[in-house]
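**Student:** Enclosed is the structure file input-v9.pdb (PDB, C-alpha atoms).
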```pdb
ATOM      1  CA  MET Y1424     169.432 110.327 170.259
ATOM      2  CA  PRO Y1425     171.529 107.691 168.433
ATOM      3  CA  GLN Y1426     172.124 110.102 165.545
ATOM      4  CA  ILE Y1427     173.210 112.828 167.967
ATOM      5  CA  LEU Y1428     175.633 110.465 169.707
ATOM      6  CA  LEU Y1429     177.167 109.462 166.358
ATOM      7  CA  LEU Y1430     177.574 113.106 165.388
ATOM      8  CA  GLU Y1431     179.178 113.877 168.748
ATOM      9  CA  LYS Y1432     181.728 111.104 168.141
ATOM     10  CA  GLU Y1433     182.398 112.503 164.667
ATOM     11  CA  TRP Y1434     182.812 116.007 166.116
ATOM     12  CA  GLN Y1435     185.201 114.756 168.817
ATOM     13  CA  ALA Y1436     187.271 112.899 166.204
ATOM     14  CA  LEU Y1437     187.418 116.100 164.152
ATOM     15  CA  LEU Y1438     188.616 118.072 167.190
ATOM     16  CA  ASP Y1439     191.276 115.422 167.815
ATOM     17  CA  ASP Y1440     192.414 115.868 164.202
ATOM     18  CA  VAL Y1441     192.525 119.638 164.762
ATOM     19  CA  GLU Y1442     194.901 119.136 167.689
ATOM     20  CA  ALA Y1443     197.216 117.005 165.525
ATOM     21  CA  PHE Y1444     197.021 119.574 162.717
ATOM     22  CA  LEU Y1445     197.880 122.371 165.158
ATOM     23  CA  GLN Y1446     200.849 120.479 166.534
ATOM     24  CA  GLU Y1447     202.219 119.941 163.017
ATOM     25  CA  ALA Y1448     201.688 123.627 162.200
ATOM     26  CA  ARG Y1449     203.395 124.706 165.435
ATOM     27  CA  ASP Y1450     206.318 122.433 164.589
ATOM     28  CA  MET Y1451     206.568 124.146 161.182
ATOM     29  CA  VAL Y1452     206.591 127.552 162.894
ATOM     30  CA  GLN Y1453     209.376 126.446 165.262
ATOM     31  CA  LYS Y1454     211.417 125.136 162.309
ATOM     32  CA  ASN Y1455     210.909 128.500 160.531
ATOM     33  CA  GLN Y1456     209.121 126.789 157.638
ATOM     34  CA  LEU Y1457     206.238 129.244 157.828
ATOM     35  CA  LEU Y1458     206.423 132.957 157.183
ATOM     36  CA  LEU Y1459     203.286 133.584 159.241
ATOM     37  CA  GLY Y1460     202.218 132.347 162.655
ATOM     38  CA  ILE Y1461     199.160 130.226 163.422
ATOM     39  CA  ARG Y1462     196.318 131.030 165.812
ATOM     40  CA  PHE Y1463     193.625 128.742 167.170
ATOM     41  CA  ASN Y1464     190.365 130.370 168.187
ATOM     42  CA  ARG Y1465     187.330 128.514 169.468
ATOM     43  CA  ASN Y1466     183.860 129.521 168.402
ATOM     44  CA  PHE Y1467     180.862 127.941 170.048
ATOM     45  CA  LYS Y1468     177.447 127.350 168.582
ATOM     46  CA  THR Y1469     175.044 129.642 170.362
ATOM     47  CA  GLY Y1470     171.515 128.761 171.322
ATOM     48  CA  GLN Y1471     169.853 127.328 174.366
ATOM     49  CA  LEU Y1472     170.025 123.762 173.103
ATOM     50  CA  MET Y1473     173.761 124.009 172.397
ATOM     51  CA  GLU Y1474     174.876 125.335 175.814
ATOM     52  CA  SER Y1475     175.970 121.919 177.092
ATOM     53  CA  TYR Y1476     178.429 121.610 174.185
ATOM     54  CA  LYS Y1477     180.246 124.729 175.315
ATOM     55  CA  GLU Y1478     180.706 123.182 178.762
ATOM     56  CA  ARG Y1479     182.001 119.997 177.141
ATOM     57  CA  LYS Y1480     184.434 122.053 175.008
ATOM     58  CA  PHE Y1481     182.840 121.069 171.712
ATOM     59  CA  CYS Y1482     183.911 124.020 169.622
ATOM     60  CA  ILE Y1483     183.990 125.161 166.041
ATOM     61  CA  PRO Y1484     187.721 125.552 165.397
ATOM     62  CA  TYR Y1485     188.457 128.917 163.860
ATOM     63  CA  LEU Y1486     192.073 128.586 162.803
ATOM     64  CA  CYS Y1487     193.875 131.459 161.165
ATOM     65  CA  PHE Y1488     197.267 132.872 160.318
ATOM     66  CA  TRP Y1489     198.774 135.474 162.618
ATOM     67  CA  LYS Y1490     200.892 138.531 161.877
ATOM     68  CA  LYS Y1491     200.274 141.089 164.668
ATOM     69  CA  ARG Y1492     196.558 140.294 164.157
ATOM     70  CA  ASN Y1493     194.319 137.418 163.114
ATOM     71  CA  ILE Y1494     194.224 136.840 159.354
ATOM     72  CA  PHE Y1495     191.273 134.846 158.048
ATOM     73  CA  LYS Y1496     191.150 135.781 154.356
ATOM     74  CA  TRP Y1497     193.497 134.320 151.771
ATOM     75  CA  GLU Y1498     193.776 137.688 150.004
ATOM     76  CA  GLU Y1499     195.541 139.105 153.071
ATOM     77  CA  VAL Y1500     197.756 136.036 153.405
ATOM     78  CA  SER Y1501     198.716 136.344 149.747
ATOM     79  CA  LYS Y1502     199.684 140.002 150.147
ATOM     80  CA  LEU Y1503     201.852 139.249 153.179
ATOM     81  CA  LEU Y1504     203.536 136.355 151.383
ATOM     82  CA  ALA Y1505     204.210 138.592 148.378
ATOM     83  CA  GLN Y1506     205.766 141.225 150.666
ATOM     84  CA  LYS Y1507     208.098 138.528 151.995
ATOM     85  CA  ASN Y1508     208.977 137.343 148.469
ATOM     86  CA  ALA Y1509     207.676 133.868 149.266
ATOM     87  CA  SER Y1510     208.688 131.091 146.916
ATOM     88  CA  PHE Y1511     206.161 128.919 145.108
ATOM     89  CA  ASP Y1512     206.754 126.142 147.666
ATOM     90  CA  GLU Y1513     206.215 128.520 150.589
ATOM     91  CA  ILE Y1514     202.978 129.800 149.057
ATOM     92  CA  MET Y1515     201.797 126.221 148.476
ATOM     93  CA  LEU Y1516     202.599 125.253 152.070
ATOM     94  CA  HIS Y1517     200.625 128.225 153.403
ATOM     95  CA  MET Y1518     197.764 127.497 151.011
ATOM     96  CA  TRP Y1519     197.717 123.860 152.119
ATOM     97  CA  LEU Y1520     197.456 124.958 155.747
ATOM     98  CA  TYR Y1521     194.803 127.526 154.874
ATOM     99  CA  ARG Y1522     192.699 124.871 153.168
ATOM    100  CA  GLY Y1523     193.015 122.635 156.232
ATOM    101  CA  MET Y1524     191.986 125.484 158.494
ATOM    102  CA  ARG Y1525     188.877 126.207 156.443
ATOM    103  CA  ASP Y1526     188.022 122.511 156.109
ATOM    104  CA  PHE Y1527     188.073 121.989 159.869
ATOM    105  CA  TYR Y1528     185.924 125.074 160.394
ATOM    106  CA  TYR Y1529     183.262 124.130 157.856
ATOM    107  CA  ARG Y1530     183.061 120.489 158.886
ATOM    108  CA  ALA Y1531     182.677 121.352 162.586
ATOM    109  CA  TYR Y1532     180.124 124.029 161.715
ATOM    110  CA  THR Y1533     178.123 121.495 159.679
ATOM    111  CA  ILE Y1534     178.235 118.826 162.405
ATOM    112  CA  SER Y1535     177.203 121.297 165.120
ATOM    113  CA  GLY Y1536     174.366 122.583 162.938
ATOM    114  CA  HIS Y1537     173.174 119.053 162.300
ATOM    115  CA  ILE Y1538     173.198 118.281 166.018
ATOM    116  CA  GLU Y1539     171.290 121.480 166.721
ATOM    117  CA  GLN Y1540     168.649 120.544 164.133
ATOM    118  CA  LEU Y1541     168.227 117.120 165.699
ATOM    119  CA  LEU Y1542     167.930 118.660 169.169
ATOM    120  CA  HIS Y1543     165.217 121.004 167.894
ATOM    121  CA  TYR Y1544     163.463 118.044 166.257
ATOM    122  CA  GLN Y1545     163.651 116.114 169.530
ATOM    123  CA  GLU Y1546     162.331 119.100 171.476
ATOM    124  CA  ASP Y1547     159.426 119.600 169.042
ATOM    125  CA  CYS Y1548     158.463 115.926 169.254
ATOM    126  CA  ASN Y1549     158.653 115.969 173.068
ATOM    127  CA  ARG Y1550     156.496 119.101 173.167
ATOM    128  CA  ALA Y1551     153.870 117.421 170.961
ATOM    129  CA  MET Y1552     153.882 114.381 173.256
ATOM    130  CA  ALA Y1553     153.445 116.614 176.321
ATOM    131  CA  ILE Y1554     150.541 118.496 174.750
ATOM    132  CA  GLU Y1555     148.743 115.208 174.056
ATOM    133  CA  ASN Y1556     149.738 113.729 177.428
ATOM    134  CA  PHE Y1557     151.279 110.765 175.619
ATOM    135  CA  ASN Y1558     153.880 108.570 177.233
ATOM    136  CA  VAL Y1559     156.715 107.370 175.000
ATOM    137  CA  LYS Y1560     155.699 103.786 175.755
ATOM    138  CA  MET Y1561     152.374 104.466 174.029
ATOM    139  CA  LEU Y1562     154.048 105.033 170.660
ATOM    140  CA  PRO Y1563     154.483 102.278 168.085
ATOM    141  CA  ASP Y1564     157.990 100.860 167.757
ATOM    142  CA  ALA Y1565     158.485 102.630 164.417
ATOM    143  CA  MET Y1566     158.129 105.978 166.215
ATOM    144  CA  ARG Y1567     160.216 105.073 169.267
ATOM    145  CA  ARG Y1568     163.150 103.388 167.614
ATOM    146  CA  VAL Y1569     164.376 105.255 164.578
ATOM    147  CA  PRO Y1570     167.506 103.423 163.395
ATOM    148  CA  ASP Y1571     168.783 106.313 161.300
ATOM    149  CA  GLU Y1572     167.728 109.699 159.986
ATOM    150  CA  GLN Y1573     166.742 108.368 156.592
ATOM    151  CA  SER Y1574     163.832 106.533 158.218
ATOM    152  CA  LEU Y1575     162.371 109.730 159.686
ATOM    153  CA  PRO Y1576     159.040 110.704 158.102
ATOM    154  CA  GLY Y1577     160.246 113.929 156.497
ATOM    155  CA  TYR Y1578     163.507 112.607 155.090
TER     156      TYR Y1578
END
```
Translate the structure described by the file into structure tokens.

**Tutor:**
Amino acid sequence: MPQILLLEKEWQALLDDVEAFLQEARDMVQKNQLLLGIRFNRNFKTGQLMESYKERKFCIPYLCFWKKRNIFKWEEVSKLLAQKNASFDEIMLHMWLYRGMRDFYYRAYTISGHIEQLLHYQEDCNRAMAIENFNVKMLPDAMRRVPDEQSLPGY
């Protein structure tokens, strides 16, 4: 559980950073610095063990550019920028935003996957305890108090 709580804090901090990123991007749109709009979509990790995260609004931010539709691929962004005769600086600004969008997505996806793995691990261990009719108090300290993931047996 301590590892899961740390990952949840990391995920929340990432989502806070996404909000700041979005505000900066929206400001750029209002100042006409961007040739394309920005969209923020929320994906949620599916699976029975991840349902509570949806309720708590822990999402995987799926940011994209917008021009009458969502644009997720750089190839499409590049074509639209070329059609608008974008300068080198404008292309770089859009590429910088694109990289940020992808970075947020992949980091949140990794954190949520890690949490899901730990939840499955926890569920498997609890199931084994139930099968053997063991109480957690019966386990040695080394099995009850795992300070970090590196001390788990399979690490």

**Student:** Between CA of Val1452 (chain Y) and CA of Lys1477 (chain Y), measure the distance and give it in Å to one decimal.

**Tutor:** 29.3 Å

**Student:** Written as a short mmCIF file (atom, residue, chain, number, x, y, z; two decimals) with C-alpha atoms, in the frame of the given file, which residues does the PyMOL selection byres ((chain Y and resi 1504-1514) around 12) give for the file shown?

**Tutor:**
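This went into result_13.cif:
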```
data_model
loop_
_atom_site.label_atom_id
_atom_site.label_comp_id
_atom_site.auth_asym_id
_atom_site.auth_seq_id
_atom_site.Cartn_x
_atom_site.Cartn_y
_atom_site.Cartn_z
CA MET Y 1451 206.57 124.15 161.18
CA ASN Y 1455 210.91 128.50 160.53
CA GLN Y 1456 209.12 126.79 157.64
CA LEU Y 1457 206.24 129.24 157.83
CA LEU Y 1458 206.42 132.96 157.18
CA LEU Y 1459 203.29 133.58 159.24
CA PHE Y 1488 197.27 132.87 160.32
CA LYS Y 1490 200.89 138.53 161.88
CA TRP Y 1497 193.50 134.32 151.77
CA GLU Y 1498 193.78 137.69 150.00
CA GLU Y 1499 195.54 139.10 153.07
CA VAL Y 1500 197.76 136.04 153.40
CA SER Y 1501 198.72 136.34 149.75
CA LYS Y 1502 199.68 140.00 150.15
CA LEU Y 1503 201.85 139.25 153.18
CA MET Y 1515 201.80 126.22 148.48
CA LEU Y 1516 202.60 125.25 152.07
CA HIS Y 1517 200.62 128.22 153.40
CA MET Y 1518 197.76 127.50 151.01
CA TRP Y 1519 197.72 123.86 152.12
CA LEU Y 1520 197.46 124.96 155.75
CA TYR Y 1521 194.80 127.53 154.87
#
```

**Student:** Please report as CSV every residue of region 1433-1496 of chain Y lying within 10 Å of region 1537-1542 of chain Y, along with the nearest atom pair and their distance in Å (one decimal), using all atoms listed in the file.

**Tutor:**
```
residue,atom,partner,partner_atom,distance
Y:Trp1434,CA,Y:Ile1538,CA,9.9
Y:Lys1468,CA,Y:Glu1539,CA,8.7
Y:Thr1469,CA,Y:Glu1539,CA,9.7
Y:Gly1470,CA,Y:Glu1539,CA,8.6
Y:Gln1471,CA,Y:Glu1539,CA,9.7
Y:Leu1472,CA,Y:Leu1542,CA,6.8
Y:Met1473,CA,Y:Glu1539,CA,6.7
```

**Student:** When you count all atoms listed in the file, which of these residues is closest to Arg1462 (chain Y): Y:Tyr1485, Y:Tyr1528, Y:Arg1479, Y:Glu1442?

**Tutor:**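 Among the listed residues, the smallest separation from Arg1462 (chain Y) belongs to Y:Tyr1485.
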
**Student:** Quick one: what's the axis-aligned box for region 1491-1499 of chain Y, all listed atoms, 4 Å on every side, centre and edges in Å to one decimal, as AutoDock Vina command-line options?

**Tutor:**
```
--center_x 195.7 --center_y 137.7 --center_z 157.3 --size_x 17.1 --size_y 14.8 --size_z 22.7
```

**Student:** If I take CA of Leu1445 (chain Y) and CA of Glu1478 (chain Y), how far is one from the other in Å, to one decimal?

**Tutor:** 21.9 Å

**Student:** Of the candidates Y:Met1552, Y:Leu1429, Y:Val1441, Y:Val1569, which shows the shortest atom-to-atom distance to Ile1483 (chain Y), using all atoms listed in the file?

**Tutor:**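 Closest candidate: Y:Val1441.
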
**Student:** I'd like to know which of Y:Ser1475, Y:Asn1493, Y:Asn1558, Y:Gln1435 is closest to Phe1527 (chain Y), using all atoms listed in the file.

**Tutor:**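 Looking only at the distances to Phe1527 (chain Y), the closest residue turns out to be Y:Gln1435.
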
**Student:** Would you mind reading off the distance between CA of Leu1430 (chain Y) and CA of Tyr1532 (chain Y), one decimal, in Å?

**Tutor:**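 Separation between CA of Leu1430 (chain Y) and CA of Tyr1532 (chain Y): 11.8 Å.
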